[in-house]
>>> print(open('input.pdb').read())   # PDB, C-alpha atoms and all ligand atoms
ATOM      1  CA  MET B   1     142.564 136.523  82.085
ATOM      2  CA  GLN B   2     142.724 133.843  84.773
ATOM      3  CA  PHE B   3     143.458 130.163  84.153
ATOM      4  CA  ASN B   4     144.705 129.265  87.630
ATOM      5  CA  GLY B   5     143.601 125.721  88.491
ATOM      6  CA  LYS B   6     142.393 125.043  84.930
ATOM      7  CA  LYS B   7     143.642 122.131  82.835
ATOM      8  CA  GLY B   8     143.129 121.195  79.234
ATOM      9  CA  LEU B   9     144.333 119.708  76.004
ATOM     10  CA  VAL B  10     145.839 121.563  73.041
ATOM     11  CA  LEU B  11     145.689 119.799  69.647
ATOM     12  CA  GLY B  12     147.496 121.268  66.649
ATOM     13  CA  VAL B  13     150.872 122.700  67.595
ATOM     14  CA  ALA B  14     153.342 121.968  64.776
ATOM     15  CA  ASN B  15     155.887 124.729  65.493
ATOM     16  CA  ASP B  16     156.260 128.172  67.066
ATOM     17  CA  HIS B  17     154.154 129.775  64.301
ATOM     18  CA  SER B  18     151.134 127.540  64.975
ATOM     19  CA  ILE B  19     147.992 129.343  66.100
ATOM     20  CA  ALA B  20     147.524 126.620  68.737
ATOM     21  CA  TRP B  21     150.859 127.641  70.267
ATOM     22  CA  ALA B  22     149.842 131.320  70.342
ATOM     23  CA  ILE B  23     146.689 130.348  72.252
ATOM     24  CA  ALA B  24     148.419 127.845  74.560
ATOM     25  CA  LYS B  25     151.055 130.426  75.545
ATOM     26  CA  GLN B  26     148.341 132.848  76.693
ATOM     27  CA  ILE B  27     146.658 130.106  78.713
ATOM     28  CA  MET B  28     149.872 128.917  80.372
ATOM     29  CA  GLU B  29     151.019 132.461  81.106
ATOM     30  CA  ALA B  30     147.653 132.985  82.847
ATOM     31  CA  GLY B  31     148.269 129.933  85.076
ATOM     32  CA  GLY B  32     146.560 127.160  83.071
ATOM     33  CA  GLU B  33     148.069 123.707  82.632
ATOM     34  CA  CYS B  34     148.155 122.197  79.139
ATOM     35  CA  GLY B  35     148.692 118.756  77.662
ATOM     36  CA  PHE B  36     149.883 118.724  74.045
ATOM     37  CA  THR B  37     149.898 116.337  71.107
ATOM     38  CA  HIS B  38     152.127 116.300  68.049
ATOM     39  CA  LEU B  39     151.794 114.603  64.684
ATOM     40  CA  PRO B  40     153.457 111.148  64.964
ATOM     41  CA  ASP B  41     156.934 110.848  63.457
ATOM     42  CA  ARG B  42     157.626 108.295  60.759
ATOM     43  CA  GLU B  43     159.267 105.162  62.142
ATOM     44  CA  ASP B  44     162.363 105.763  60.021
ATOM     45  CA  ASP B  45     162.770 109.340  61.296
ATOM     46  CA  GLU B  46     165.318 108.773  64.034
ATOM     47  CA  ARG B  47     165.497 112.495  64.707
ATOM     48  CA  GLN B  48     161.752 112.594  65.539
ATOM     49  CA  ARG B  49     161.409 115.935  63.858
ATOM     50  CA  ASN B  50     157.683 116.452  64.523
ATOM     51  CA  ARG B  51     158.085 115.760  68.229
ATOM     52  CA  ARG B  52     161.249 117.827  68.504
ATOM     53  CA  ARG B  53     159.712 120.920  66.916
ATOM     54  CA  VAL B  54     156.989 120.911  69.573
ATOM     55  CA  SER B  55     159.087 119.739  72.549
ATOM     56  CA  GLN B  56     161.516 122.626  71.925
ATOM     57  CA  LEU B  57     158.562 124.880  72.795
ATOM     58  CA  THR B  58     156.823 122.919  75.543
ATOM     59  CA  ASP B  59     160.058 122.071  77.407
ATOM     60  CA  LYS B  60     160.399 125.753  78.317
ATOM     61  CA  TYR B  61     157.031 125.861  80.085
ATOM     62  CA  GLU B  62     156.474 124.294  83.493
ATOM     63  CA  ASN B  63     152.730 124.343  82.822
ATOM     64  CA  ALA B  64     153.129 122.167  79.698
ATOM     65  CA  LYS B  65     152.453 118.872  81.459
ATOM     66  CA  PHE B  66     152.784 116.279  78.702
ATOM     67  CA  LEU B  67     153.413 115.835  74.988
ATOM     68  CA  ILE B  68     152.247 112.693  73.182
ATOM     69  CA  PRO B  69     151.746 111.726  69.514
ATOM     70  CA  MET B  70     148.305 111.719  67.906
ATOM     71  CA  ASP B  71     147.111 111.177  64.374
ATOM     72  CA  ALA B  72     143.566 112.526  64.598
ATOM     73  CA  GLN B  73     142.528 110.303  61.698
ATOM     74  CA  LYS B  74     142.993 107.279  63.978
ATOM     75  CA  ASP B  75     140.309 106.565  66.587
ATOM     76  CA  ASP B  76     142.748 104.490  68.683
ATOM     77  CA  ASP B  77     145.172 107.411  68.838
ATOM     78  CA  ILE B  78     142.404 109.758  69.975
ATOM     79  CA  GLN B  79     141.274 107.336  72.685
ATOM     80  CA  ARG B  80     144.838 106.837  73.908
ATOM     81  CA  VAL B  81     145.343 110.602  74.150
ATOM     82  CA  PHE B  82     142.148 111.171  76.132
ATOM     83  CA  ASP B  83     142.881 108.182  78.421
ATOM     84  CA  HIS B  84     146.303 109.666  79.097
ATOM     85  CA  THR B  85     144.723 113.083  79.705
ATOM     86  CA  ALA B  86     142.278 111.578  82.224
ATOM     87  CA  GLU B  87     145.165 109.814  84.011
ATOM     88  CA  GLN B  88     147.232 113.005  84.202
ATOM     89  CA  PHE B  89     144.552 115.629  84.784
ATOM     90  CA  GLY B  90     141.406 113.806  85.920
ATOM     91  CA  LYS B  91     138.809 116.209  84.502
ATOM     92  CA  ILE B  92     139.626 118.988  82.026
ATOM     93  CA  ASP B  93     138.315 122.533  81.561
ATOM     94  CA  PHE B  94     139.244 123.266  77.966
ATOM     95  CA  LEU B  95     139.972 121.596  74.639
ATOM     96  CA  LEU B  96     141.557 123.405  71.693
ATOM     97  CA  HIS B  97     141.152 121.798  68.262
ATOM     98  CA  SER B  98     143.442 123.581  65.803
ATOM     99  CA  ILE B  99     143.806 120.932  63.114
ATOM    100  CA  ALA B 100     143.270 121.042  59.355
ATOM    101  CA  PHE B 101     144.734 119.385  56.300
ATOM    102  CA  ALA B 102     144.086 119.149  52.571
ATOM    103  CA  ASP B 103     146.253 117.676  49.867
ATOM    104  CA  ARG B 104     148.186 120.444  48.116
ATOM    105  CA  ASN B 105     146.956 119.140  44.722
ATOM    106  CA  ASP B 106     143.365 119.601  45.804
ATOM    107  CA  LEU B 107     144.007 123.057  47.239
ATOM    108  CA  SER B 108     145.675 124.214  44.064
ATOM    109  CA  ARG B 109     143.111 122.941  41.580
ATOM    110  CA  GLU B 110     139.760 124.576  40.942
ATOM    111  CA  THR B 111     137.104 123.385  43.383
ATOM    112  CA  VAL B 112     135.177 121.850  40.497
ATOM    113  CA  PHE B 113     138.021 119.363  40.003
ATOM    114  CA  THR B 114     138.413 118.320  43.674
ATOM    115  CA  SER B 115     139.112 114.595  43.828
ATOM    116  CA  ARG B 116     136.837 112.258  45.807
ATOM    117  CA  ASP B 117     139.742 111.001  47.921
ATOM    118  CA  GLY B 118     141.029 114.531  48.494
ATOM    119  CA  PHE B 119     137.578 115.689  49.581
ATOM    120  CA  LYS B 120     137.258 112.803  52.038
ATOM    121  CA  LEU B 121     140.740 113.388  53.426
ATOM    122  CA  ALA B 122     140.214 117.131  53.934
ATOM    123  CA  MET B 123     136.793 116.638  55.558
ATOM    124  CA  ASP B 124     138.035 113.820  57.783
ATOM    125  CA  VAL B 125     141.043 115.713  59.158
ATOM    126  CA  SER B 126     139.546 119.206  59.205
ATOM    127  CA  VAL B 127     135.966 118.506  60.314
ATOM    128  CA  TYR B 128     135.292 114.993  61.587
ATOM    129  CA  THR B 129     138.204 115.178  64.044
ATOM    130  CA  LEU B 130     136.347 117.937  65.948
ATOM    131  CA  ILE B 131     133.413 115.558  66.430
ATOM    132  CA  ALA B 132     135.654 112.632  67.386
ATOM    133  CA  CYS B 133     137.690 114.699  69.870
ATOM    134  CA  THR B 134     134.596 116.287  71.407
ATOM    135  CA  ALA B 135     133.086 112.819  71.903
ATOM    136  CA  ALA B 136     136.306 111.617  73.546
ATOM    137  CA  ALA B 137     136.449 114.731  75.744
ATOM    138  CA  LYS B 138     132.765 114.575  76.811
ATOM    139  CA  PRO B 139     133.216 112.188  79.785
ATOM    140  CA  ILE B 140     136.099 114.203  81.223
ATOM    141  CA  MET B 141     134.947 117.806  80.663
ATOM    142  CA  ASN B 142     134.091 119.825  83.766
ATOM    143  CA  PRO B 143     130.853 121.851  83.755
ATOM    144  CA  GLY B 144     131.752 125.408  82.739
ATOM    145  CA  GLY B 145     134.377 124.019  80.356
ATOM    146  CA  ALA B 146     134.934 125.147  76.776
ATOM    147  CA  ILE B 147     135.928 123.717  73.413
ATOM    148  CA  ALA B 148     137.255 125.899  70.591
ATOM    149  CA  THR B 149     138.242 125.252  66.992
ATOM    150  CA  MET B 150     139.850 127.401  64.291
ATOM    151  CA  THR B 151     138.056 128.476  61.136
ATOM    152  CA  TYR B 152     138.415 130.935  58.254
ATOM    153  CA  PHE B 153     136.095 133.315  56.336
ATOM    154  CA  GLY B 154     136.435 131.070  53.247
ATOM    155  CA  GLY B 155     133.778 128.891  54.918
ATOM    156  CA  GLU B 156     131.238 131.736  54.753
ATOM    157  CA  LYS B 157     131.976 133.234  51.335
ATOM    158  CA  CYS B 158     133.845 132.102  48.257
ATOM    159  CA  VAL B 159     137.526 132.971  48.663
ATOM    160  CA  PRO B 160     139.149 131.783  45.418
ATOM    161  CA  GLY B 161     142.208 129.670  46.189
ATOM    162  CA  TYR B 162     140.830 128.391  49.503
ATOM    163  CA  ASN B 163     138.717 125.907  47.520
ATOM    164  CA  VAL B 164     138.042 122.552  49.207
ATOM    165  CA  MET B 165     139.179 123.952  52.567
ATOM    166  CA  GLY B 166     136.396 126.550  52.343
ATOM    167  CA  ILE B 167     133.884 123.724  52.065
ATOM    168  CA  CYS B 168     135.501 122.076  55.104
ATOM    169  CA  LYS B 169     135.289 125.294  57.124
ATOM    170  CA  ALA B 170     131.586 125.699  56.267
ATOM    171  CA  ALA B 171     131.024 122.158  57.558
ATOM    172  CA  LEU B 172     133.220 122.844  60.602
ATOM    173  CA  GLU B 173     131.193 125.934  61.506
ATOM    174  CA  ALA B 174     127.935 123.970  61.222
ATOM    175  CA  THR B 175     129.538 121.258  63.371
ATOM    176  CA  VAL B 176     130.311 123.874  66.042
ATOM    177  CA  ARG B 177     126.626 124.799  66.261
ATOM    178  CA  TYR B 178     125.461 121.182  66.570
ATOM    179  CA  LEU B 179     128.151 120.284  69.099
ATOM    180  CA  ALA B 180     127.297 123.427  71.101
ATOM    181  CA  TYR B 181     123.728 122.106  71.327
ATOM    182  CA  ASP B 182     124.852 118.609  72.365
ATOM    183  CA  MET B 183     127.363 119.791  74.972
ATOM    184  CA  GLY B 184     125.152 122.565  76.388
ATOM    185  CA  PRO B 185     123.303 120.423  78.974
ATOM    186  CA  GLN B 186     126.694 119.498  80.449
ATOM    187  CA  GLY B 187     127.545 123.185  80.809
ATOM    188  CA  VAL B 188     130.227 122.956  78.116
ATOM    189  CA  ARG B 189     130.494 125.607  75.399
ATOM    190  CA  VAL B 190     131.679 125.063  71.817
ATOM    191  CA  ASN B 191     132.889 127.965  69.655
ATOM    192  CA  ALA B 192     135.075 128.763  66.663
ATOM    193  CA  LEU B 193     137.574 131.550  66.182
ATOM    194  CA  SER B 194     137.662 132.813  62.605
ATOM    195  CA  ALA B 195     141.152 134.235  62.127
ATOM    196  CA  GLY B 196     142.414 136.506  59.383
ATOM    197  CA  PRO B 197     145.465 135.270  57.460
ATOM    198  CA  ILE B 198     148.445 134.341  59.636
ATOM    199  CA  ARG B 199     151.842 133.056  58.466
ATOM    200  CA  THR B 200     151.891 129.376  59.516
ATOM    201  CA  LEU B 201     152.558 126.026  57.818
ATOM    202  CA  ALA B 202     148.886 125.471  57.050
ATOM    203  CA  GLY B 203     148.455 129.137  56.144
ATOM    204  CA  ARG B 204     151.195 128.949  53.537
ATOM    205  CA  ALA B 205     149.539 125.929  51.920
ATOM    206  CA  ALA B 206     146.259 127.851  51.752
ATOM    207  CA  GLY B 207     147.757 130.926  49.997
ATOM    208  CA  VAL B 208     148.152 133.258  52.953
ATOM    209  CA  GLU B 209     150.627 135.687  51.330
ATOM    210  CA  GLU B 210     148.182 137.199  48.810
ATOM    211  CA  MET B 211     145.531 137.380  51.507
ATOM    212  CA  LEU B 212     147.802 139.349  53.836
ATOM    213  CA  THR B 213     148.114 142.096  51.227
ATOM    214  CA  LEU B 214     144.388 142.118  50.538
ATOM    215  CA  TYR B 215     143.474 142.358  54.234
ATOM    216  CA  GLU B 216     145.900 145.198  54.765
ATOM    217  CA  HIS B 217     144.029 147.220  52.168
ATOM    218  CA  MET B 218     140.470 146.075  52.793
ATOM    219  CA  ALA B 219     140.047 145.376  56.505
ATOM    220  CA  PRO B 220     138.491 148.294  58.450
ATOM    221  CA  LEU B 221     141.545 148.317  60.724
ATOM    222  CA  GLY B 222     143.807 148.598  57.662
ATOM    223  CA  ARG B 223     146.195 145.929  58.891
ATOM    224  CA  ASN B 224     146.568 142.235  59.536
ATOM    225  CA  VAL B 225     146.108 140.555  62.887
ATOM    226  CA  SER B 226     148.973 139.172  64.951
ATOM    227  CA  HIS B 227     149.582 135.753  66.465
ATOM    228  CA  ASP B 228     149.176 137.322  69.904
ATOM    229  CA  GLU B 229     145.816 138.883  69.076
ATOM    230  CA  VAL B 230     144.492 135.539  67.879
ATOM    231  CA  GLY B 231     146.112 133.901  70.912
ATOM    232  CA  ARG B 232     144.349 136.204  73.373
ATOM    233  CA  THR B 233     140.927 135.717  71.758
ATOM    234  CA  GLY B 234     141.449 131.944  71.621
ATOM    235  CA  ALA B 235     142.242 131.956  75.336
ATOM    236  CA  PHE B 236     139.185 134.173  75.928
ATOM    237  CA  LEU B 237     136.936 131.586  74.221
ATOM    238  CA  LEU B 238     138.453 128.795  76.324
ATOM    239  CA  GLY B 239     138.239 130.658  79.644
ATOM    240  CA  ASP B 240     135.606 131.948  82.060
ATOM    241  CA  ASN B 241     135.334 135.432  80.559
ATOM    242  CA  SER B 242     133.322 134.027  77.624
ATOM    243  CA  GLU B 243     130.989 132.054  79.914
ATOM    244  CA  GLY B 244     127.774 133.094  78.116
ATOM    245  CA  ILE B 245     129.042 132.390  74.575
ATOM    246  CA  SER B 246     128.382 129.135  72.709
ATOM    247  CA  GLY B 247     127.800 128.140  69.084
ATOM    248  CA  GLU B 248     129.587 131.358  68.050
ATOM    249  CA  ILE B 249     131.951 132.076  65.163
ATOM    250  CA  LEU B 250     134.091 134.925  66.471
ATOM    251  CA  HIS B 251     136.105 136.854  63.882
ATOM    252  CA  VAL B 252     139.614 138.110  64.654
ATOM    253  CA  ASP B 253     140.377 139.590  61.254
ATOM    254  CA  GLY B 254     140.583 143.363  61.660
ATOM    255  CA  GLY B 255     136.923 143.526  60.589
ATOM    256  CA  TYR B 256     137.494 142.166  57.058
ATOM    257  CA  HIS B 257     134.392 139.929  57.244
ATOM    258  CA  ALA B 258     132.148 142.954  57.768
ATOM    259  CA  MET B 259     133.017 144.542  54.410
ATOM    260  CA  GLY B 260     130.554 144.440  51.510
ATOM    261  CA  SER B 261     132.852 146.278  49.073
ATOM    262  CA  PRO B 262     136.636 146.584  48.678
ATOM    263  CA  GLY B 263     136.394 149.836  50.695
ATOM    264  CA  ARG B 264     139.645 151.833  50.789
ATOM    265  CA  LEU B 265     141.147 149.447  48.257
ATOM    266  CA  LEU B 266     138.586 150.809  45.800
ATOM    267  CA  ASP B 267     139.738 154.391  46.524
ATOM    268  CA  LYS B 268     143.254 153.280  45.732
ATOM    269  CA  LEU B 269     142.262 151.693  42.438
ATOM    270  CA  GLN B 270     140.280 154.794  41.416
ATOM    271  CA  THR B 271     143.126 157.222  42.062
ATOM    272  CA  LYS B 272     145.460 155.267  39.818
TER     273      LYS B 272
HETATM  274  N1  LIG J   1     147.040 130.421  59.225
HETATM  275  C1  LIG J   1     145.925 131.021  58.893
HETATM  276  O1  LIG J   1     145.938 131.998  58.144
HETATM  277  C2  LIG J   1     144.599 130.506  59.419
HETATM  278  C3  LIG J   1     143.486 131.362  59.362
HETATM  279  C4  LIG J   1     142.269 130.894  59.848
HETATM  280  C5  LIG J   1     142.177 129.604  60.351
HETATM  281  N2  LIG J   1     143.280 128.796  60.382
HETATM  282  C6  LIG J   1     143.129 127.446  60.939
HETATM  283  O2  LIG J   1     143.901 127.333  62.120
HETATM  284  C7  LIG J   1     144.147 125.965  62.351
HETATM  285  C8  LIG J   1     145.611 125.763  62.697
HETATM  286  O3  LIG J   1     146.410 126.032  61.566
HETATM  287  P1  LIG J   1     147.737 126.921  61.636
HETATM  288  O4  LIG J   1     147.534 128.031  60.673
HETATM  289  O5  LIG J   1     148.118 127.195  63.017
HETATM  290  O6  LIG J   1     148.812 125.970  60.925
HETATM  291  P2  LIG J   1     149.684 124.744  61.519
HETATM  292  O7  LIG J   1     150.190 124.037  60.320
HETATM  293  O8  LIG J   1     150.655 125.257  62.494
HETATM  294  O9  LIG J   1     148.602 123.855  62.282
HETATM  295  C9  LIG J   1     147.864 122.830  61.650
HETATM  296  C10 LIG J   1     147.957 121.637  62.584
HETATM  297  O10 LIG J   1     147.150 120.551  62.110
HETATM  298  C11 LIG J   1     147.834 119.381  62.494
HETATM  299  N3  LIG J   1     147.354 118.199  61.789
HETATM  300  C12 LIG J   1     147.207 118.014  60.451
HETATM  301  N4  LIG J   1     146.782 116.757  60.211
HETATM  302  C13 LIG J   1     146.658 116.141  61.423
HETATM  303  C14 LIG J   1     146.269 114.844  61.836
HETATM  304  N5  LIG J   1     145.913 113.881  60.964
HETATM  305  N6  LIG J   1     146.282 114.550  63.160
HETATM  306  C15 LIG J   1     146.640 115.481  64.072
HETATM  307  N7  LIG J   1     147.015 116.738  63.731
HETATM  308  C16 LIG J   1     147.014 117.061  62.433
HETATM  309  C17 LIG J   1     149.298 119.691  62.151
HETATM  310  O11 LIG J   1     150.163 118.789  62.809
HETATM  311  C18 LIG J   1     149.397 121.108  62.672
HETATM  312  O12 LIG J   1     149.820 121.100  64.026
HETATM  313  C19 LIG J   1     143.668 125.211  61.119
HETATM  314  O13 LIG J   1     142.365 124.713  61.350
HETATM  315  C20 LIG J   1     143.620 126.307  60.074
HETATM  316  O14 LIG J   1     142.722 126.020  59.021
HETATM  317  C21 LIG J   1     144.484 129.237  59.937
END
>>> encode(input="input.pdb", output="structure tokens", more="lines below")
Ligand SMILES: NC(=O)c1ccc[n+]([C@@H]2O[C@H](COP(=O)([O-])OP(=O)(O)OC[C@H]3O[C@@H](n4cnc5c(N)ncnc54)[C@H](O)[C@@H]3O)[C@@H](O)[C@H]2O)c1
Amino acid sequence: MQFNGKKGLVLGVANDHSIAWAIAKQIMEAGGECGFTHLPDREDDERQRNRRRVSQLTDKYENAKFLIPMDAQKDDDIQRVFDHTAEQFGKIDFLLHSIAFADRNDLSRETVFTSRDGFKLAMDVSVYTLIACTAAAKPIMNPGGAIATMTYFGGEKCVPGYNVMGICKAALEATVRYLAYDMGPQGVRVNALSAGPIRTLAGRAAGVEEMLTLYEHMAPLGRNVSHDEVGRTGAFLLGDNSEGISGEILHVDGGYHAMGSPGRLLDKLQTK
């Protein structure tokens, strides 16, 4: 994988477990330069914990060129980030959107009882921000550039427990297809990586632990996927090797999505 001479923006690193960090590491190790954002710290947090968790990572990489706060729910923040990116980089070649959020109360209650405010919040952060960031990136994306977002199988099929976030991922995947159409004439591709369960902050909130066990037994590969595997495929989608791919939902889940029955898990249940 080659990223020499390529520059881009990485949205969604919270800590060293973040999928965005796994992808950014692959890009920087292949020669790419990245700008990063972090969730703004509260004014009364003198220790700037959000910033510190990310700067501890980016400080170690020469190719991490800047780190600035962004709340993706705020249009002014988004504009400021893309203005800064244009000042630092001129044009960019890739944009990674790895952002999602839903209120824990809404994730834990049955979908039928999702609150109106919780629905709006989850859709705004987890779906609309891809549209807003793509619009802000449009004037500064080089032809041949790529945008990628992160999704999960719960957007395709009902995965109990994933609830309102599953609805968001379905909308996100549709958004990818429409944005791929809009950005195509500019030579920019838009894709999503559908990852199997990974231990992260967001993953924990979405019930990743039970899923890890299920995938181990049901996925054709008989195991879970690693941060590095997701990182390499994310970098692939953002680099030249995927030049003919757009509007795609690419699964990195050990093949779990391809199963129509519990497979070897069923064998296990029957022998008990
Ligand atoms: N962990 C998994 O099992 C898994 C599987 C498939 C897809 N995903 C998706 O991957 C993406 C990244 O999640 P992760 O698992 O790396 O967890 P994570 O918690 O490390 O990343 C989520 C990121 O979203 C950011 N974010 C939330 N609200 C924001 C806002 N208003 N403005 C800006 N940023 C905001 C957080 O700061 C964080 O960096 C998400 O879209 C998630 O749904 C995760």
>>> atom_distance(input="input.pdb", atom1="atom C15 of ligand LIG 1 (chain J)", atom2="CA of Glu173 (chain B)")
18.8 Å
>>> residues_near_ligand(input="input.pdb", ligand="ligand LIG 1 (chain J)", cutoff="8 Å", atoms="all atoms listed in the file", output="ChimeraX atom specification")
/B:11-21,37-39,70-74,97-101,125-126,149-153,165,169,193-204,206,208
>>> write_last_selection(input="input.pdb", atoms="C-alpha atoms", output="PDB file, in the frame of the given file")
ATOM      1  CA  LEU B  11     145.689 119.799  69.647  1.00  0.00           C
ATOM      2  CA  GLY B  12     147.496 121.268  66.649  1.00  0.00           C
ATOM      3  CA  VAL B  13     150.872 122.700  67.595  1.00  0.00           C
ATOM      4  CA  ALA B  14     153.342 121.968  64.776  1.00  0.00           C
ATOM      5  CA  ASN B  15     155.887 124.729  65.493  1.00  0.00           C
ATOM      6  CA  ASP B  16     156.260 128.172  67.066  1.00  0.00           C
ATOM      7  CA  HIS B  17     154.154 129.775  64.301  1.00  0.00           C
ATOM      8  CA  SER B  18     151.134 127.540  64.975  1.00  0.00           C
ATOM      9  CA  ILE B  19     147.992 129.343  66.100  1.00  0.00           C
ATOM     10  CA  ALA B  20     147.524 126.620  68.737  1.00  0.00           C
ATOM     11  CA  TRP B  21     150.859 127.641  70.267  1.00  0.00           C
ATOM     12  CA  THR B  37     149.898 116.337  71.107  1.00  0.00           C
ATOM     13  CA  HIS B  38     152.127 116.300  68.049  1.00  0.00           C
ATOM     14  CA  LEU B  39     151.794 114.603  64.684  1.00  0.00           C
ATOM     15  CA  MET B  70     148.305 111.719  67.906  1.00  0.00           C
ATOM     16  CA  ASP B  71     147.111 111.177  64.374  1.00  0.00           C
ATOM     17  CA  ALA B  72     143.566 112.526  64.598  1.00  0.00           C
ATOM     18  CA  GLN B  73     142.528 110.303  61.698  1.00  0.00           C
ATOM     19  CA  LYS B  74     142.993 107.279  63.978  1.00  0.00           C
ATOM     20  CA  HIS B  97     141.152 121.798  68.262  1.00  0.00           C
ATOM     21  CA  SER B  98     143.442 123.581  65.803  1.00  0.00           C
ATOM     22  CA  ILE B  99     143.806 120.932  63.114  1.00  0.00           C
ATOM     23  CA  ALA B 100     143.270 121.042  59.355  1.00  0.00           C
ATOM     24  CA  PHE B 101     144.734 119.385  56.300  1.00  0.00           C
ATOM     25  CA  VAL B 125     141.043 115.713  59.158  1.00  0.00           C
ATOM     26  CA  SER B 126     139.546 119.206  59.205  1.00  0.00           C
ATOM     27  CA  THR B 149     138.242 125.252  66.992  1.00  0.00           C
ATOM     28  CA  MET B 150     139.850 127.401  64.291  1.00  0.00           C
ATOM     29  CA  THR B 151     138.056 128.476  61.136  1.00  0.00           C
ATOM     30  CA  TYR B 152     138.415 130.935  58.254  1.00  0.00           C
ATOM     31  CA  PHE B 153     136.095 133.315  56.336  1.00  0.00           C
ATOM     32  CA  MET B 165     139.179 123.952  52.567  1.00  0.00           C
ATOM     33  CA  LYS B 169     135.289 125.294  57.124  1.00  0.00           C
ATOM     34  CA  LEU B 193     137.574 131.550  66.182  1.00  0.00           C
ATOM     35  CA  SER B 194     137.662 132.813  62.605  1.00  0.00           C
ATOM     36  CA  ALA B 195     141.152 134.235  62.127  1.00  0.00           C
ATOM     37  CA  GLY B 196     142.414 136.506  59.383  1.00  0.00           C
ATOM     38  CA  PRO B 197     145.465 135.270  57.460  1.00  0.00           C
ATOM     39  CA  ILE B 198     148.445 134.341  59.636  1.00  0.00           C
ATOM     40  CA  ARG B 199     151.842 133.056  58.466  1.00  0.00           C
ATOM     41  CA  THR B 200     151.891 129.376  59.516  1.00  0.00           C
ATOM     42  CA  LEU B 201     152.558 126.026  57.818  1.00  0.00           C
ATOM     43  CA  ALA B 202     148.886 125.471  57.050  1.00  0.00           C
ATOM     44  CA  GLY B 203     148.455 129.137  56.144  1.00  0.00           C
ATOM     45  CA  ARG B 204     151.195 128.949  53.537  1.00  0.00           C
ATOM     46  CA  ALA B 206     146.259 127.851  51.752  1.00  0.00           C
ATOM     47  CA  VAL B 208     148.152 133.258  52.953  1.00  0.00           C
TER      48      VAL B 208
END
>>> resolve_selection(input="input.pdb", expression="the PyMOL selection byres (((chain B and resi 190) around 12) and not hetatm)", output="JSON, numbers by chain")
{"B": [94, 95, 96, 97, 130, 131, 134, 138, 141, 144, 145, 146, 147, 148, 149, 150, 172, 173, 174, 175, 176, 177, 178, 179, 180, 181, 182, 183, 184, 185, 186, 187, 188, 189, 191, 192, 193, 234, 237, 238, 239, 242, 243, 244, 245, 246, 247, 248, 249, 250]}
>>> closest_residue(input="input.pdb", among="B:Ser261, B:Ser115, B:Asn163, B:Gln88", to="Ala64 (chain B)", atoms="all atoms listed in the file")
B:Gln88
>>> closest_residue(input="input.pdb", among="B:His217, B:Thr114, B:Gln270, B:Ala170", to="Lys157 (chain B)", atoms="all atoms listed in the file")
B:Ala170
>>> residues_around(input="input.pdb", residues="Thr58 (chain B)", least_positions_apart="2", cutoff="12 Å", atoms="all atoms listed in the file", output="CSV table (one decimal) with C-alpha atoms, in the frame of the given file")
chain,number,residue,atom,x,y,z
B,10,VAL,CA,145.8,121.6,73.0
B,13,VAL,CA,150.9,122.7,67.6
B,14,ALA,CA,153.3,122.0,64.8
B,15,ASN,CA,155.9,124.7,65.5
B,16,ASP,CA,156.3,128.2,67.1
B,21,TRP,CA,150.9,127.6,70.3
B,24,ALA,CA,148.4,127.8,74.6
B,25,LYS,CA,151.1,130.4,75.5
B,28,MET,CA,149.9,128.9,80.4
B,33,GLU,CA,148.1,123.7,82.6
B,34,CYS,CA,148.2,122.2,79.1
B,35,GLY,CA,148.7,118.8,77.7
B,36,PHE,CA,149.9,118.7,74.0
B,37,THR,CA,149.9,116.3,71.1
B,38,HIS,CA,152.1,116.3,68.0
B,51,ARG,CA,158.1,115.8,68.2
B,52,ARG,CA,161.2,117.8,68.5
B,53,ARG,CA,159.7,120.9,66.9
B,54,VAL,CA,157.0,120.9,69.6
B,55,SER,CA,159.1,119.7,72.5
B,56,GLN,CA,161.5,122.6,71.9
B,60,LYS,CA,160.4,125.8,78.3
B,61,TYR,CA,157.0,125.9,80.1
B,62,GLU,CA,156.5,124.3,83.5
B,63,ASN,CA,152.7,124.3,82.8
B,64,ALA,CA,153.1,122.2,79.7
B,65,LYS,CA,152.5,118.9,81.5
B,66,PHE,CA,152.8,116.3,78.7
B,67,LEU,CA,153.4,115.8,75.0
B,68,ILE,CA,152.2,112.7,73.2
>>> resolve_selection(input="input.pdb", expression="the PyMOL selection byres (((chain B and resi 90) around 12) and not hetatm)", output="number ranges by chain")
B: 6-9, 82-89, 91-93, 137, 139-142
